[in-house]
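Trainee: Got a structure for you, target06.csv, holding CSV, C-alpha atoms.
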chain,number,residue,atom,x,y,z
A,10,MET,CA,0.0,0.0,0.0
A,11,ALA,CA,1.3,3.5,-0.9
A,12,THR,CA,1.8,6.1,1.7
A,13,ASP,CA,0.2,9.5,1.7
A,14,ASP,CA,3.4,11.0,0.2
A,15,GLU,CA,3.1,8.6,-2.7
A,16,GLY,CA,-0.5,9.5,-3.4
A,17,GLY,CA,-1.9,6.2,-2.2
A,18,ALA,CA,-4.6,5.3,0.3
A,19,GLY,CA,-5.3,8.2,2.7
A,20,HIS,CA,-4.9,10.8,-0.1
A,21,PRO,CA,-8.1,12.9,-0.5
A,22,VAL,CA,-8.6,11.8,-4.1
A,23,HIS,CA,-8.4,8.2,-3.2
A,24,GLU,CA,-10.8,8.8,-0.3
A,25,ILE,CA,-13.3,10.4,-2.7
A,26,ALA,CA,-13.1,7.4,-5.0
A,27,ALA,CA,-13.4,4.9,-2.2
A,28,ALA,CA,-16.5,6.7,-0.8
A,29,TRP,CA,-18.2,6.5,-4.2
A,30,GLU,CA,-17.2,2.9,-4.5
A,31,ARG,CA,-18.7,2.2,-1.0
A,32,GLU,CA,-21.9,4.3,-1.7
A,33,ARG,CA,-22.5,3.3,-5.3
A,34,PRO,CA,-20.9,-0.1,-6.0
A,35,GLY,CA,-20.2,-0.5,-9.7
A,36,THR,CA,-19.9,3.2,-10.4
A,37,PRO,CA,-16.8,3.7,-12.5
A,38,VAL,CA,-14.5,5.8,-10.3
A,39,SER,CA,-11.0,5.2,-11.8
A,40,SER,CA,-11.1,8.6,-13.6
A,41,ILE,CA,-11.4,10.4,-10.2
A,42,ARG,CA,-7.8,9.4,-9.4
A,43,ILE,CA,-6.6,11.0,-12.7
A,44,VAL,CA,-9.0,13.9,-13.5
A,45,THR,CA,-9.3,15.4,-10.0
A,46,PRO,CA,-5.5,15.9,-9.6
A,47,ILE,CA,-5.3,17.4,-13.1
A,48,TRP,CA,-8.0,19.9,-12.2
A,49,GLN,CA,-6.2,20.6,-8.9
A,50,LEU,CA,-2.9,21.1,-10.7
A,51,ALA,CA,-4.6,23.3,-13.4
A,52,LYS,CA,-6.0,25.6,-10.6
A,53,LEU,CA,-2.7,25.7,-8.7
A,54,PHE,CA,-0.6,26.4,-11.9
A,55,GLY,CA,-3.2,29.0,-13.1
A,56,ASP,CA,-3.3,30.8,-9.7
A,57,ASP,CA,0.4,30.8,-9.4
A,58,ARG,CA,0.9,32.2,-13.0
A,59,ARG,CA,-1.7,34.9,-12.3
A,60,SER,CA,0.3,35.8,-9.2
A,61,VAL,CA,3.6,36.0,-11.1
A,62,LEU,CA,1.9,38.1,-13.8
A,63,ALA,CA,0.3,40.4,-11.2
A,64,ARG,CA,3.7,41.1,-9.7
A,65,ALA,CA,5.1,41.8,-13.2
A,66,GLY,CA,2.2,44.1,-13.9
A,67,VAL,CA,1.0,42.1,-17.0
A,68,ASP,CA,-2.3,40.3,-17.5
A,69,ALA,CA,-2.4,36.8,-19.1
A,70,ALA,CA,-4.2,38.0,-22.3
A,71,THR,CA,-1.6,40.7,-23.0
A,72,LEU,CA,1.3,38.3,-22.3
A,73,ASP,CA,-0.3,35.8,-24.7
A,74,LEU,CA,-0.5,38.4,-27.4
A,75,LEU,CA,3.0,39.6,-26.9
A,76,SER,CA,4.4,36.0,-26.7
A,77,VAL,CA,2.7,35.0,-29.9
A,78,LEU,CA,4.3,38.0,-31.7
A,79,ARG,CA,7.7,37.3,-30.0
A,80,ARG,CA,7.7,33.7,-31.0
A,81,SER,CA,6.9,34.6,-34.6
A,82,GLY,CA,10.5,35.8,-35.0
A,83,PRO,CA,11.8,39.0,-36.6
A,84,PRO,CA,10.1,41.4,-37.5
A,85,TYR,CA,7.7,40.3,-34.8
A,86,THR,CA,4.7,41.2,-36.9
A,87,LEU,CA,1.5,39.1,-37.7
A,88,SER,CA,-1.9,39.7,-39.2
A,89,THR,CA,-4.8,39.9,-36.8
A,90,ARG,CA,-6.1,36.7,-38.4
A,91,GLU,CA,-2.8,34.9,-37.8
A,92,LEU,CA,-2.7,36.2,-34.2
A,93,SER,CA,-6.2,34.8,-33.6
A,94,ARG,CA,-5.2,31.4,-35.1
A,95,ARG,CA,-2.0,31.2,-33.1
A,96,SER,CA,-3.6,32.5,-29.8
A,97,LEU,CA,-6.6,30.1,-30.2
A,98,VAL,CA,-9.1,32.9,-29.5
A,99,THR,CA,-11.7,34.7,-31.5
A,100,ALA,CA,-11.1,37.6,-33.8
A,101,GLY,CA,-13.1,39.8,-31.4
A,102,ALA,CA,-10.8,38.8,-28.5
A,103,ILE,CA,-7.7,39.5,-30.5
A,104,SER,CA,-9.1,42.9,-31.4
A,105,GLN,CA,-9.6,43.8,-27.8
A,106,ARG,CA,-6.2,42.5,-26.8
A,107,VAL,CA,-4.5,44.5,-29.6
A,108,ALA,CA,-6.4,47.7,-28.7
A,109,ARG,CA,-5.4,47.4,-25.0
A,110,ALA,CA,-1.7,46.6,-25.8
A,111,GLU,CA,-1.7,49.4,-28.4
A,112,ARG,CA,-2.9,51.9,-25.7
A,113,GLU,CA,-0.1,50.7,-23.5
A,114,GLY,CA,2.5,51.2,-26.3
A,115,LEU,CA,3.3,47.5,-26.5
A,116,VAL,CA,2.2,46.9,-30.1
A,117,GLU,CA,1.4,49.0,-33.2
A,118,ARG,CA,-1.1,48.3,-35.9
A,119,HIS,CA,-0.3,48.9,-39.6
A,120,PRO,CA,-2.4,48.2,-42.7
A,121,ALA,CA,-1.0,45.5,-44.9
A,122,GLN,CA,0.4,46.7,-48.2
A,123,GLY,CA,-2.0,45.9,-51.1
A,124,ARG,CA,-4.6,44.4,-48.7
A,125,PRO,CA,-6.7,47.2,-47.2
A,126,ARG,CA,-8.8,44.9,-45.0
A,127,THR,CA,-5.7,43.2,-43.5
A,128,VAL,CA,-4.2,44.6,-40.4
A,129,HIS,CA,-0.7,43.7,-39.2
A,130,VAL,CA,0.3,44.0,-35.6
A,131,ALA,CA,3.9,44.6,-34.7
A,132,LEU,CA,5.7,44.3,-31.3
A,133,THR,CA,7.2,47.6,-30.2
A,134,ALA,CA,10.5,47.9,-28.3
A,135,ALA,CA,8.5,48.4,-25.1
A,136,GLY,CA,6.4,45.3,-25.8
A,137,HIS,CA,9.6,43.3,-26.6
A,138,GLU,CA,11.0,44.4,-23.2
A,139,VAL,CA,7.9,43.4,-21.4
A,140,VAL,CA,7.6,39.9,-23.0
A,141,GLU,CA,11.3,39.2,-22.4
A,142,ALA,CA,11.2,40.0,-18.7
A,143,THR,CA,7.8,38.4,-18.1
A,144,VAL,CA,8.4,35.1,-19.9
A,145,ASP,CA,11.5,34.6,-18.0
A,146,GLN,CA,9.7,35.1,-14.7
A,147,VAL,CA,6.9,32.8,-15.7
A,148,LEU,CA,9.0,30.0,-17.0
A,149,HIS,CA,11.5,30.1,-14.2
A,150,ARG,CA,8.7,29.9,-11.7
A,151,GLU,CA,7.0,27.0,-13.5
A,152,ALA,CA,10.4,25.2,-13.8
A,153,GLU,CA,10.7,25.6,-10.0
A,154,LEU,CA,7.2,24.2,-9.5
A,155,ILE,CA,8.0,21.0,-11.4
A,156,SER,CA,11.6,20.7,-10.0
A,157,GLY,CA,10.5,17.8,-7.7
A,158,LEU,CA,10.2,15.5,-10.7
A,159,THR,CA,13.3,13.8,-12.0
A,160,PRO,CA,14.2,14.2,-15.7
A,161,ASP,CA,12.9,10.7,-16.4
A,162,GLN,CA,9.6,11.5,-14.6
A,163,ARG,CA,9.3,14.7,-16.6
A,164,THR,CA,9.8,12.8,-19.8
A,165,GLN,CA,7.3,10.1,-18.9
A,166,LEU,CA,4.7,12.7,-17.7
A,167,THR,CA,5.1,14.7,-20.9
A,168,GLU,CA,4.4,11.7,-23.0
A,169,LEU,CA,1.5,10.5,-20.9
A,170,LEU,CA,-0.1,13.9,-21.0
A,171,ARG,CA,0.4,14.1,-24.7
A,172,VAL,CA,-1.3,10.8,-25.2
A,173,LEU,CA,-4.2,11.6,-22.8
A,174,LEU,CA,-4.8,15.0,-24.4
A,175,GLN,CA,-4.9,13.4,-27.9
A,176,GLN,CA,-7.3,10.7,-26.7
A,177,VAL,CA,-9.6,13.3,-24.9
A,178,GLN,CA,-9.6,15.5,-28.0
A,179,HIS,CA,-10.5,12.6,-30.2
A,180,ARG,CA,-13.3,11.4,-27.8
A,181,THR,CA,-14.7,14.9,-27.4
A,182,ASP,CA,-14.2,15.8,-31.1
A,183,ASP,CA,-12.5,19.0,-30.0
A,184,ASP,CA,-8.9,19.7,-31.0
A,185,ARG,CA,-8.8,23.2,-29.7
A,186,ILE,CA,-6.2,24.0,-27.1
A,187,THR,CA,-7.1,27.0,-24.9
A,188,HIS,CA,-5.9,28.5,-21.7
A,189,VAL,CA,-7.1,27.0,-18.5
A,190,GLY,CA,-10.6,28.3,-17.7
A,191,GLN,CA,-11.0,30.0,-21.1
A,192,ASP,CA,-13.8,29.1,-23.4
As structure tokens, what does this structure read like?
Mentor:
Amino acid sequence: MATDDEGGAGHPVHEIAAAWERERPGTPVSSIRIVTPIWQLAKLFGDDRRSVLARAGVDAATLDLLSVLRRSGPPYTLSTRELSRRSLVTAGAISQRVARAEREGLVERHPAQGRPRTVHVALTAAGHEVVEATVDQVLHREAELISGLTPDQRTQLTELLRVLLQQVQHRTDDDRITHVGQD
């Protein structure tokens, strides 16, 4: 039998599953031992990231916009359509994000040459500075949070999560990847 530290009997998730097994014999409860910790981790990681971002003075939506532009490589410019596709949010959400970041001097909008209905969004020097500093803070913190896993455990967990995500996407017929808590 596993100890509490190993996530075995006596762990709240296992107690929940055992209670359902006792109260409703035959009810499939194996998912509780997987899905509940994933939900708990998502909340903990999300809350921690929001805390890091608050200290940095950046909101998650703005960081997402700036990060997508930064990852695109020089000249750090994308169309609003491409930003929407890469951010996995609607065109309306991108429009709001761009307007807010533009007011803060983090991005600039420019009409595309020869395509009057296409708008390009470019990262400004100030936006570049914000994303560089903030991404480092976020990723260093997340590396710290998972540092209790060995390299082999990280590799194994990465692969298991990839497989689980693909299976759930297939079963739900939904291949969108969004931010935690985002529709």
Trainee: Please provide the set of residues having any atom within 10 Å of region 73-81 of chain A, restricted to all atoms listed in the file, with same-chain residues fewer than 4 positions apart removed, written as a list in words.
Mentor: Asp68, Ala69, Tyr85, Thr86, Leu87, Ser88, Glu91, Leu92, Ser93, Arg95, Ser96, Ile103, Arg106, Val107, Ala110, Leu115, Val116, Val130, Ala131, Leu132, Thr133, Gly136, His137, Val139, Val140, Glu141, Thr143, Val144 and His188 of chain A
Trainee: Pick out the closest residue to Arg118 (chain A) from this set: A:Arg33, A:Ala135, A:Gln165, A:Ser104. Count all atoms listed in the file.
Mentor: A:Ser104
Trainee: When you draw a straight line from CA of Ala134 (chain A) to CA of Phe54 (chain A), how long is it in Å?
Mentor: 29.2 Å
Trainee: Given all atoms listed in the file as the basis, pick out the residue of A:Lys52, A:His119, A:Arg58, A:His23 nearest to Ala152 (chain A).
Mentor: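 Nearest candidate to Ala152 (chain A) out of A:Lys52, A:His119, A:Arg58, A:His23: A:Arg58.
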Trainee: When you count only C-alpha atoms, which of these residues is closest to Gly66 (chain A): A:Gln176, A:Thr167, A:Ser156, A:Gln146?
Mentor: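 When distances to Gly66 (chain A) are compared using only C-alpha atoms, the smallest one comes from A:Gln146.
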Trainee: Counting all atoms listed in the file, which of A:Val61, A:Gly35, A:Glu30, A:Ala102 gets nearest to His149 (chain A)?
Mentor: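 Distance minimum relative to His149 (chain A) lands on A:Val61.
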Trainee: Which residues are close to region 45-47 of chain A, i.e. within 12 Å by all atoms listed in the file, leaving aside same-chain residues fewer than 2 positions away? Reply as an mmCIF file with C-alpha atoms, in the coordinates of the input.
Mentor:
data_model
loop_
_atom_site.group_PDB
_atom_site.id
_atom_site.type_symbol
_atom_site.label_atom_id
_atom_site.label_comp_id
_atom_site.auth_asym_id
_atom_site.auth_seq_id
_atom_site.Cartn_x
_atom_site.Cartn_y
_atom_site.Cartn_z
ATOM 1 C CA GLY A 16 -0.500 9.500 -3.400
ATOM 2 C CA HIS A 20 -4.900 10.800 -0.100
ATOM 3 C CA PRO A 21 -8.100 12.900 -0.500
ATOM 4 C CA VAL A 22 -8.600 11.800 -4.100
ATOM 5 C CA HIS A 23 -8.400 8.200 -3.200
ATOM 6 C CA GLU A 24 -10.800 8.800 -0.300
ATOM 7 C CA ILE A 25 -13.300 10.400 -2.700
ATOM 8 C CA ALA A 26 -13.100 7.400 -5.000
ATOM 9 C CA VAL A 38 -14.500 5.800 -10.300
ATOM 10 C CA SER A 39 -11.000 5.200 -11.800
ATOM 11 C CA SER A 40 -11.100 8.600 -13.600
ATOM 12 C CA ILE A 41 -11.400 10.400 -10.200
ATOM 13 C CA ARG A 42 -7.800 9.400 -9.400
ATOM 14 C CA ILE A 43 -6.600 11.000 -12.700
ATOM 15 C CA GLN A 49 -6.200 20.600 -8.900
ATOM 16 C CA LEU A 50 -2.900 21.100 -10.700
ATOM 17 C CA ALA A 51 -4.600 23.300 -13.400
ATOM 18 C CA LYS A 52 -6.000 25.600 -10.600
ATOM 19 C CA LEU A 53 -2.700 25.700 -8.700
ATOM 20 C CA PHE A 54 -0.600 26.400 -11.900
ATOM 21 C CA GLY A 55 -3.200 29.000 -13.100
ATOM 22 C CA LEU A 166 4.700 12.700 -17.700
ATOM 23 C CA LEU A 170 -0.100 13.900 -21.000
ATOM 24 C CA LEU A 173 -4.200 11.600 -22.800
ATOM 25 C CA LEU A 174 -4.800 15.000 -24.400
ATOM 26 C CA VAL A 189 -7.100 27.000 -18.500
#
Trainee: Quick check, in Å to one decimal: how far apart do CA of Leu72 (chain A) and CA of Val98 (chain A) lie?
Mentor: 13.8 Å
Trainee: What does the structure give for the distance between CA of Thr181 (chain A) and CA of Trp29 (chain A), in Å to one decimal?
Mentor: 24.9 Å
Trainee: Only C-alpha atoms, as a PDB file, in the first residue's frame: that is what I want for region 158-190 of chain A.
Mentor:
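See selection_31.pdb below for the written result:
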ATOM      1  CA  LEU A 158      10.244  15.525 -10.690  1.00  0.00           C
ATOM      2  CA  THR A 159      13.332  13.767 -12.013  1.00  0.00           C
ATOM      3  CA  PRO A 160      14.224  14.240 -15.690  1.00  0.00           C
ATOM      4  CA  ASP A 161      12.899  10.728 -16.403  1.00  0.00           C
ATOM      5  CA  GLN A 162       9.638  11.491 -14.600  1.00  0.00           C
ATOM      6  CA  ARG A 163       9.251  14.712 -16.605  1.00  0.00           C
ATOM      7  CA  THR A 164       9.795  12.834 -19.848  1.00  0.00           C
ATOM      8  CA  GLN A 165       7.316  10.143 -18.851  1.00  0.00           C
ATOM      9  CA  LEU A 166       4.713  12.669 -17.684  1.00  0.00           C
ATOM     10  CA  THR A 167       5.141  14.733 -20.869  1.00  0.00           C
ATOM     11  CA  GLU A 168       4.433  11.676 -22.999  1.00  0.00           C
ATOM     12  CA  LEU A 169       1.494  10.491 -20.876  1.00  0.00           C
ATOM     13  CA  LEU A 170      -0.103  13.946 -20.956  1.00  0.00           C
ATOM     14  CA  ARG A 171       0.378  14.123 -24.741  1.00  0.00           C
ATOM     15  CA  VAL A 172      -1.338  10.759 -25.189  1.00  0.00           C
ATOM     16  CA  LEU A 173      -4.154  11.643 -22.780  1.00  0.00           C
ATOM     17  CA  LEU A 174      -4.750  15.002 -24.445  1.00  0.00           C
ATOM     18  CA  GLN A 175      -4.922  13.413 -27.902  1.00  0.00           C
ATOM     19  CA  GLN A 176      -7.338  10.746 -26.667  1.00  0.00           C
ATOM     20  CA  VAL A 177      -9.604  13.252 -24.930  1.00  0.00           C
ATOM     21  CA  GLN A 178      -9.558  15.525 -27.979  1.00  0.00           C
ATOM     22  CA  HIS A 179     -10.545  12.575 -30.162  1.00  0.00           C
ATOM     23  CA  ARG A 180     -13.325  11.419 -27.825  1.00  0.00           C
ATOM     24  CA  THR A 181     -14.725  14.938 -27.444  1.00  0.00           C
ATOM     25  CA  ASP A 182     -14.202  15.805 -31.123  1.00  0.00           C
ATOM     26  CA  ASP A 183     -12.484  18.996 -29.990  1.00  0.00           C
ATOM     27  CA  ASP A 184      -8.880  19.679 -30.986  1.00  0.00           C
ATOM     28  CA  ARG A 185      -8.770  23.246 -29.688  1.00  0.00           C
ATOM     29  CA  ILE A 186      -6.161  24.038 -27.092  1.00  0.00           C
ATOM     30  CA  THR A 187      -7.087  26.991 -24.921  1.00  0.00           C
ATOM     31  CA  HIS A 188      -5.869  28.509 -21.723  1.00  0.00           C
ATOM     32  CA  VAL A 189      -7.129  27.014 -18.486  1.00  0.00           C
ATOM     33  CA  GLY A 190     -10.558  28.341 -17.673  1.00  0.00           C
TER      34      GLY A 190
END
